[in-house]
$ cat data-v1.tsv   # TSV, C-alpha atoms
chain	number	residue	atom	x	y	z
E	1	ASP	CA	-5.85	10.09	-8.92
E	2	ALA	CA	-3.83	7.14	-10.25
E	3	GLY	CA	-6.40	6.13	-12.87
E	4	ILE	CA	-7.38	2.91	-11.12
E	5	THR	CA	-10.97	1.77	-10.74
E	6	GLN	CA	-11.94	-1.16	-8.55
E	7	SER	CA	-15.29	-2.91	-8.56
E	8	PRO	CA	-17.25	-3.71	-6.60
E	9	ARG	CA	-16.25	-1.31	-3.85
E	10	HIS	CA	-18.24	-3.21	-1.26
E	11	LYS	CA	-19.50	-6.79	-1.27
E	12	VAL	CA	-20.98	-9.22	1.21
E	13	THR	CA	-20.91	-12.85	0.18
E	14	GLU	CA	-21.52	-16.24	1.71
E	15	THR	CA	-18.90	-18.81	2.58
E	16	GLY	CA	-18.21	-21.15	-0.29
E	17	THR	CA	-19.35	-18.84	-3.09
E	18	PRO	CA	-17.01	-17.60	-5.81
E	19	VAL	CA	-16.16	-13.92	-5.90
E	20	THR	CA	-14.40	-11.86	-8.53
E	21	LEU	CA	-12.94	-8.43	-7.93
E	22	ARG	CA	-12.10	-6.26	-10.91
E	23	CYS	CA	-9.39	-3.70	-11.42
E	24	HIS	CA	-9.26	-1.37	-14.40
E	25	GLN	CA	-6.43	1.08	-15.11
E	26	THR	CA	-6.18	3.91	-17.60
E	27	GLU	CA	-2.40	4.48	-17.24
E	28	ASN	CA	-1.21	1.70	-19.56
E	29	HIS	CA	1.16	0.49	-16.82
E	30	ARG	CA	2.76	-2.88	-17.34
E	31	TYR	CA	2.59	-4.14	-13.75
E	32	MET	CA	-0.60	-4.70	-11.77
E	33	TYR	CA	-0.95	-6.03	-8.25
E	34	TRP	CA	-3.53	-7.26	-5.79
E	35	TYR	CA	-2.92	-6.62	-2.10
E	36	ARG	CA	-4.97	-7.28	0.99
E	37	GLN	CA	-4.94	-5.14	4.12
E	38	ASP	CA	-5.87	-6.49	7.53
E	39	PRO	CA	-5.56	-5.01	11.03
E	40	GLY	CA	-2.16	-5.74	12.55
E	41	HIS	CA	-0.65	-6.60	9.19
E	42	GLY	CA	0.99	-4.46	6.60
E	43	LEU	CA	-0.30	-4.60	3.07
E	44	ARG	CA	0.38	-8.09	1.77
E	45	LEU	CA	0.82	-9.07	-1.85
E	46	ILE	CA	-1.57	-11.71	-3.18
E	47	HIS	CA	-0.69	-11.90	-6.87
E	48	TYR	CA	0.83	-9.64	-9.46
E	49	SER	CA	1.03	-9.39	-13.23
E	50	TYR	CA	3.91	-8.18	-15.37
E	51	GLY	CA	2.04	-8.29	-18.65
E	52	VAL	CA	-0.97	-9.72	-20.44
E	53	LYS	CA	-1.35	-13.35	-19.36
E	54	ASP	CA	1.84	-13.09	-17.26
E	55	THR	CA	1.13	-13.49	-13.57
E	56	ASP	CA	2.92	-14.68	-10.46
E	57	LYS	CA	2.17	-15.43	-6.84
E	58	GLY	CA	2.74	-13.15	-3.89
E	59	GLU	CA	3.14	-14.02	-0.24
E	60	VAL	CA	-0.54	-14.81	0.50
E	61	SER	CA	-1.78	-16.40	-2.73
E	62	ASP	CA	-3.51	-19.51	-1.35
E	63	GLY	CA	-7.22	-19.49	-2.19
E	64	TYR	CA	-6.86	-16.80	-4.86
E	65	SER	CA	-6.38	-16.82	-8.60
E	66	VAL	CA	-5.90	-13.99	-11.07
E	67	SER	CA	-6.23	-13.32	-14.74
E	68	ARG	CA	-5.11	-10.57	-17.05
E	69	SER	CA	-6.45	-10.74	-20.60
E	70	LYS	CA	-5.92	-7.07	-21.39
E	71	THR	CA	-3.32	-4.54	-20.27
E	72	GLU	CA	-5.93	-2.47	-18.49
E	73	ASP	CA	-7.78	-5.19	-16.58
E	74	PHE	CA	-6.70	-7.45	-13.74
E	75	LEU	CA	-9.17	-9.80	-12.06
E	76	LEU	CA	-8.86	-11.41	-8.64
E	77	THR	CA	-11.00	-14.49	-8.02
E	78	LEU	CA	-11.76	-16.21	-4.76
E	79	GLU	CA	-12.85	-19.64	-5.98
E	80	SER	CA	-14.65	-20.53	-2.75
E	81	ALA	CA	-14.73	-17.66	-0.29
E	82	THR	CA	-13.88	-18.27	3.37
E	83	SER	CA	-14.29	-16.03	6.40
E	84	SER	CA	-10.49	-15.58	6.55
E	85	GLN	CA	-10.74	-13.78	3.23
E	86	THR	CA	-12.82	-11.00	4.75
E	87	SER	CA	-10.54	-8.06	4.09
E	88	VAL	CA	-9.93	-4.89	2.16
E	89	TYR	CA	-8.43	-5.57	-1.24
E	90	PHE	CA	-6.35	-3.03	-3.09
E	91	CYS	CA	-5.36	-3.07	-6.70
E	92	ALA	CA	-2.13	-1.29	-7.55
E	93	ILE	CA	-0.13	-0.46	-10.65
E	94	SER	CA	3.43	0.47	-11.57
E	95	GLU	CA	5.19	1.28	-14.80
E	96	SER	CA	7.81	-1.39	-14.28
E	97	GLY	CA	9.03	-3.78	-11.62
E	98	GLY	CA	12.31	-2.00	-11.03
E	99	SER	CA	13.70	-1.38	-7.58
E	100	GLY	CA	12.71	2.26	-7.28
E	101	ASN	CA	9.48	1.99	-9.18
E	102	THR	CA	6.53	3.60	-7.43
E	103	ILE	CA	3.38	1.59	-6.87
E	104	TYR	CA	0.08	3.48	-7.03
E	105	PHE	CA	-3.03	2.16	-5.33
E	106	GLY	CA	-6.71	2.10	-6.09
E	107	GLU	CA	-9.45	2.99	-3.65
E	108	GLY	CA	-10.04	-0.52	-2.35
E	109	SER	CA	-12.74	-3.18	-2.34
E	110	TRP	CA	-14.27	-4.13	1.00
E	111	LEU	CA	-15.20	-7.82	1.06
E	112	THR	CA	-17.10	-9.49	3.87
E	113	VAL	CA	-17.54	-13.27	3.84
E	114	VAL	CA	-20.35	-14.45	6.16
G	1	GLU	CA	14.00	-12.28	8.09
G	2	ASP	CA	13.25	-8.92	6.49
G	3	GLN	CA	11.20	-6.73	8.76
G	4	VAL	CA	9.68	-3.25	8.80
G	5	THR	CA	8.46	-1.69	12.05
G	6	GLN	CA	6.66	1.61	12.43
G	7	SER	CA	6.34	3.57	15.64
G	8	PRO	CA	4.38	4.82	17.36
G	9	GLU	CA	1.24	2.93	16.40
G	10	ALA	CA	-0.82	6.02	17.10
G	11	LEU	CA	0.03	9.65	17.71
G	12	ARG	CA	-2.17	12.51	18.84
G	13	LEU	CA	-0.90	16.03	18.25
G	14	GLN	CA	-2.23	19.49	18.84
G	15	GLU	CA	-2.36	21.65	15.75
G	16	GLY	CA	1.07	23.23	15.31
G	17	GLU	CA	2.85	20.65	17.48
G	18	SER	CA	5.67	19.22	15.37
G	19	SER	CA	6.70	15.58	15.69
G	20	SER	CA	8.26	12.62	13.88
G	21	LEU	CA	7.13	9.18	12.83
G	22	ASN	CA	9.63	6.34	12.68
G	23	CYS	CA	10.09	3.46	10.26
G	24	SER	CA	12.86	1.07	11.21
G	25	TYR	CA	13.90	-1.82	9.03
G	26	THR	CA	16.13	-4.87	9.03
G	27	VAL	CA	16.49	-6.01	5.46
G	28	SER	CA	19.23	-7.30	3.23
G	29	GLY	CA	19.76	-5.10	0.23
G	30	LEU	CA	17.63	-1.97	0.50
G	31	ARG	CA	16.51	-0.81	-2.93
G	32	GLY	CA	14.22	1.97	-1.84
G	33	LEU	CA	11.98	3.17	0.96
G	34	PHE	CA	8.51	4.54	0.29
G	35	TRP	CA	6.15	6.65	2.38
G	36	TYR	CA	2.39	6.64	1.79
G	37	ARG	CA	-0.52	8.44	3.37
G	38	GLN	CA	-3.81	6.59	3.80
G	39	ASP	CA	-7.09	8.26	4.71
G	40	PRO	CA	-9.94	6.20	6.19
G	41	GLY	CA	-11.78	4.26	3.51
G	42	LYS	CA	-9.21	5.16	0.85
G	43	GLY	CA	-6.21	3.60	-0.80
G	44	PRO	CA	-2.63	4.56	0.09
G	45	GLU	CA	-1.44	7.76	-1.56
G	46	PHE	CA	2.22	7.96	-2.55
G	47	LEU	CA	4.30	10.62	-0.79
G	48	PHE	CA	8.06	9.96	-1.13
G	49	THR	CA	10.74	7.57	-2.27
G	50	LEU	CA	14.18	7.52	-0.63
G	51	TYR	CA	17.07	5.47	-1.94
G	52	SER	CA	20.19	6.05	0.12
G	53	ALA	CA	21.26	7.08	3.61
G	54	GLY	CA	21.37	10.83	4.02
G	55	GLU	CA	18.71	11.49	1.43
G	56	GLU	CA	15.85	13.85	2.31
G	57	LYS	CA	12.59	14.73	0.54
G	58	GLU	CA	10.08	17.45	1.41
G	59	LYS	CA	6.49	18.16	0.56
G	60	GLU	CA	4.59	20.94	2.29
G	61	ARG	CA	4.74	20.21	6.05
G	62	LEU	CA	6.30	16.77	5.58
G	63	LYS	CA	9.97	15.86	5.37
G	64	ALA	CA	11.26	12.32	5.01
G	65	THR	CA	14.81	11.31	5.92
G	66	LEU	CA	16.70	8.05	5.63
G	67	THR	CA	19.55	6.44	7.55
G	68	LYS	CA	21.00	2.96	7.18
G	69	LYS	CA	18.50	1.49	9.63
G	70	GLU	CA	15.49	3.78	9.73
G	71	SER	CA	13.51	6.54	8.15
G	72	PHE	CA	11.74	9.44	9.80
G	73	LEU	CA	8.73	11.35	8.58
G	74	HIS	CA	8.90	14.77	10.20
G	75	ILE	CA	5.69	16.75	10.39
G	76	THR	CA	6.18	20.46	10.99
G	77	ALA	CA	3.32	22.53	12.43
G	78	PRO	CA	0.69	19.94	11.52
G	79	LYS	CA	-2.90	20.82	10.67
G	80	PRO	CA	-6.04	18.74	11.22
G	81	GLU	CA	-6.02	17.81	7.53
G	82	ASP	CA	-2.74	15.96	8.10
G	83	SER	CA	-4.67	13.40	10.13
G	84	ALA	CA	-4.25	10.03	8.42
G	85	THR	CA	-2.38	6.76	8.68
G	86	TYR	CA	1.16	6.96	7.36
G	87	LEU	CA	2.65	3.81	5.90
G	88	CYS	CA	6.22	3.05	5.03
G	89	ALA	CA	7.38	0.27	2.73
G	90	VAL	CA	10.82	-1.09	2.03
G	91	ARG	CA	11.84	-2.68	-1.24
G	92	THR	CA	14.35	-5.49	-1.35
G	93	ASP	CA	13.53	-8.21	-3.84
G	94	LYS	CA	9.95	-7.58	-2.73
G	95	LEU	CA	8.02	-4.73	-1.17
G	96	ILE	CA	7.46	-5.02	2.58
G	97	PHE	CA	4.96	-2.73	4.28
G	98	GLY	CA	4.88	-1.64	7.88
G	99	THR	CA	1.60	-1.56	9.78
G	100	GLY	CA	1.44	2.22	9.85
G	101	THR	CA	1.21	5.11	12.30
G	102	ARG	CA	-2.25	6.58	12.84
G	103	LEU	CA	-1.86	10.33	13.25
G	104	GLN	CA	-4.60	12.54	14.70
G	105	VAL	CA	-4.14	16.30	14.75
G	106	PHE	CA	-6.57	18.28	16.89
G	107	PRO	CA	-7.41	21.99	16.47
$ encode --input "data-v1.tsv" --output "structure tokens"
Amino acid sequence: DAGITQSPRHKVTETGTPVTLRCHQTENHRYMYWYRQDPGHGLRLIHYSYGVKDTDKGEVSDGYSVSRSKTEDFLLTLESATSSQTSVYFCAISESGGSGNTIYFGEGSWLTVV
Amino acid sequence: EDQVTQSPEALRLQEGESSSLNCSYTVSGLRGLFWYRQDPGKGPEFLFTLYSAGEEKEKERLKATLTKKESFLHITAPKPEDSATYLCAVRTDKLIFGTGTRLQVFP
């Protein structure tokens, strides 16, 4: 158990509505990440944070924004959800961003956009 | 372009039938290779990190090895509880995941 809690775990929303996914960690790790996982694709990085209010884009960041106001919380927002954003979203954490640093994952949030 | 390929996509084994999963990569500047296990409806669970060719790590029935172009996850005498999807990821200046091998072990 990596001390990561995601909420909600499951959500169905309509196209065009805003959605926020929450990630809470109890490990006091500096780095936090949001990934999405889709069939036929490996896990893909959406955004990451390397400290409070310090965030950067990943490889699939279009249509997503993030915020980190506290070390323990990292929010992912879909400003206007689209069907292509139907996916499983994983929050992850790591102590640092170094080359060998291990990333630990949460249990996932299943999002369906109809 | 950096790439990570896992094979086979799916593998069915009888309990006790040893086998290997493959993770091949073409990247510039390998900084580490990671293996994860993922159960249905769960997040990936960290198994191993390998850093250099020739390195090996073991955990119970699993052994991971690394060469300059690929990594193998050897499963010795698997049990049904080893059934899962196994993911590998390669770190360069970013972390690149493969699509996984879905392993099913039957009694």
$ interface_residues --input "data-v1.tsv" --of "chain E" --to "chain G" --cutoff "12 Å" --atoms "all atoms listed in the file" --output "MDAnalysis selection string"
chainID E and resid 1:2 4:6 9:10 33 35:45 48 57:59 88:94 97:110
$ write_last_selection --input "data-v1.tsv" --atoms "C-alpha atoms" --output "tab-separated table (two decimals), in the coordinates of the input"
chain	number	residue	atom	x	y	z
E	1	ASP	CA	-5.85	10.09	-8.92
E	2	ALA	CA	-3.83	7.14	-10.25
E	4	ILE	CA	-7.38	2.91	-11.12
E	5	THR	CA	-10.97	1.77	-10.74
E	6	GLN	CA	-11.94	-1.16	-8.55
E	9	ARG	CA	-16.25	-1.31	-3.85
E	10	HIS	CA	-18.24	-3.21	-1.26
E	33	TYR	CA	-0.95	-6.03	-8.25
E	35	TYR	CA	-2.92	-6.62	-2.10
E	36	ARG	CA	-4.97	-7.28	0.99
E	37	GLN	CA	-4.94	-5.14	4.12
E	38	ASP	CA	-5.87	-6.49	7.53
E	39	PRO	CA	-5.56	-5.01	11.03
E	40	GLY	CA	-2.16	-5.74	12.55
E	41	HIS	CA	-0.65	-6.60	9.19
E	42	GLY	CA	0.99	-4.46	6.60
E	43	LEU	CA	-0.30	-4.60	3.07
E	44	ARG	CA	0.38	-8.09	1.77
E	45	LEU	CA	0.82	-9.07	-1.85
E	48	TYR	CA	0.83	-9.64	-9.46
E	57	LYS	CA	2.17	-15.43	-6.84
E	58	GLY	CA	2.74	-13.15	-3.89
E	59	GLU	CA	3.14	-14.02	-0.24
E	88	VAL	CA	-9.93	-4.89	2.16
E	89	TYR	CA	-8.43	-5.57	-1.24
E	90	PHE	CA	-6.35	-3.03	-3.09
E	91	CYS	CA	-5.36	-3.07	-6.70
E	92	ALA	CA	-2.13	-1.29	-7.55
E	93	ILE	CA	-0.13	-0.46	-10.65
E	94	SER	CA	3.43	0.47	-11.57
E	97	GLY	CA	9.03	-3.78	-11.62
E	98	GLY	CA	12.31	-2.00	-11.03
E	99	SER	CA	13.70	-1.38	-7.58
E	100	GLY	CA	12.71	2.26	-7.28
E	101	ASN	CA	9.48	1.99	-9.18
E	102	THR	CA	6.53	3.60	-7.43
E	103	ILE	CA	3.38	1.59	-6.87
E	104	TYR	CA	0.08	3.48	-7.03
E	105	PHE	CA	-3.03	2.16	-5.33
E	106	GLY	CA	-6.71	2.10	-6.09
E	107	GLU	CA	-9.45	2.99	-3.65
E	108	GLY	CA	-10.04	-0.52	-2.35
E	109	SER	CA	-12.74	-3.18	-2.34
E	110	TRP	CA	-14.27	-4.13	1.00
$ residues_around --input "data-v1.tsv" --residues "stretch 62-75 of chain G" --least-positions-apart "5" --cutoff "7 Å" --atoms "all atoms listed in the file" --output "PDB file with C-alpha atoms, in the coordinates of the input"
ATOM      1  CA  SER G  18       5.670  19.220  15.370  1.00  0.00           C
ATOM      2  CA  SER G  19       6.700  15.580  15.690  1.00  0.00           C
ATOM      3  CA  SER G  20       8.260  12.620  13.880  1.00  0.00           C
ATOM      4  CA  LEU G  21       7.130   9.180  12.830  1.00  0.00           C
ATOM      5  CA  ASN G  22       9.630   6.340  12.680  1.00  0.00           C
ATOM      6  CA  CYS G  23      10.090   3.460  10.260  1.00  0.00           C
ATOM      7  CA  SER G  24      12.860   1.070  11.210  1.00  0.00           C
ATOM      8  CA  TYR G  25      13.900  -1.820   9.030  1.00  0.00           C
ATOM      9  CA  THR G  26      16.130  -4.870   9.030  1.00  0.00           C
ATOM     10  CA  LEU G  50      14.180   7.520  -0.630  1.00  0.00           C
ATOM     11  CA  SER G  52      20.190   6.050   0.120  1.00  0.00           C
ATOM     12  CA  ALA G  53      21.260   7.080   3.610  1.00  0.00           C
ATOM     13  CA  GLY G  54      21.370  10.830   4.020  1.00  0.00           C
ATOM     14  CA  GLU G  55      18.710  11.490   1.430  1.00  0.00           C
ATOM     15  CA  GLU G  56      15.850  13.850   2.310  1.00  0.00           C
ATOM     16  CA  LYS G  57      12.590  14.730   0.540  1.00  0.00           C
TER      17      LYS G  57
END
$ atom_distance --input "data-v1.tsv" --atom1 "atom CA of G:Ser83" --atom2 "atom CA of G:Arg12"
9.1 Å
$ residues_around --input "data-v1.tsv" --residues "G:Gln104" --least-positions-apart "3" --cutoff "12 Å" --atoms "all atoms listed in the file" --output "list in words"
Glu9, Ala10, Leu11, Arg12, Leu13, Gln14, Glu15, Glu17, Ser19, Asp39, Pro40, Ile75, Pro78, Lys79, Pro80, Glu81, Asp82, Ser83, Ala84, Thr85, Tyr86, Thr101 and Pro107 of chain G
$ atom_distance --input "data-v1.tsv" --atom1 "atom CA of E:Phe74" --atom2 "atom CA of E:Val113"
21.5 Å
$ atom_distance --input "data-v1.tsv" --atom1 "atom CA of E:His47" --atom2 "atom CA of E:Pro8"
18.5 Å
$ residues_around --input "data-v1.tsv" --residues "E:Ser84" --least-positions-apart "3" --cutoff "12 Å" --atoms "all atoms listed in the file" --output "list in words"
Thr15, Gly16, Arg36, Asp38, Val60, Asp62, Gly63, Leu78, Ser80, Ala81, Ser87, Val88, Leu111, Thr112, Val113 and Val114 of chain E
$ residues_around --input "data-v1.tsv" --residues "E:Glu79" --least-positions-apart "4" --cutoff "7 Å" --atoms "all atoms listed in the file" --output "PyMOL selection string"
chain E and resi 18-19+63-64
$ axis_aligned_box --input "data-v1.tsv" --around "stretch 37-52 of chain G" --padding-each-side "8 Å" --output "AutoDock Vina command-line options"
--center_x 4.2 --center_y 7.1 --center_z 1.8 --size_x 48.0 --size_y 23.0 --size_z 24.7
$ closest_residue --input "data-v1.tsv" --among "G:Ala77, G:Gln6, G:Glu1, G:Val27" --to "G:Phe106" --atoms "only C-alpha atoms"
G:Ala77
$ closest_residue --input "data-v1.tsv" --among "G:Thr76, G:Glu58, G:Ser28, G:Arg37" --to "G:Gln3" --atoms "only C-alpha atoms"
G:Ser28
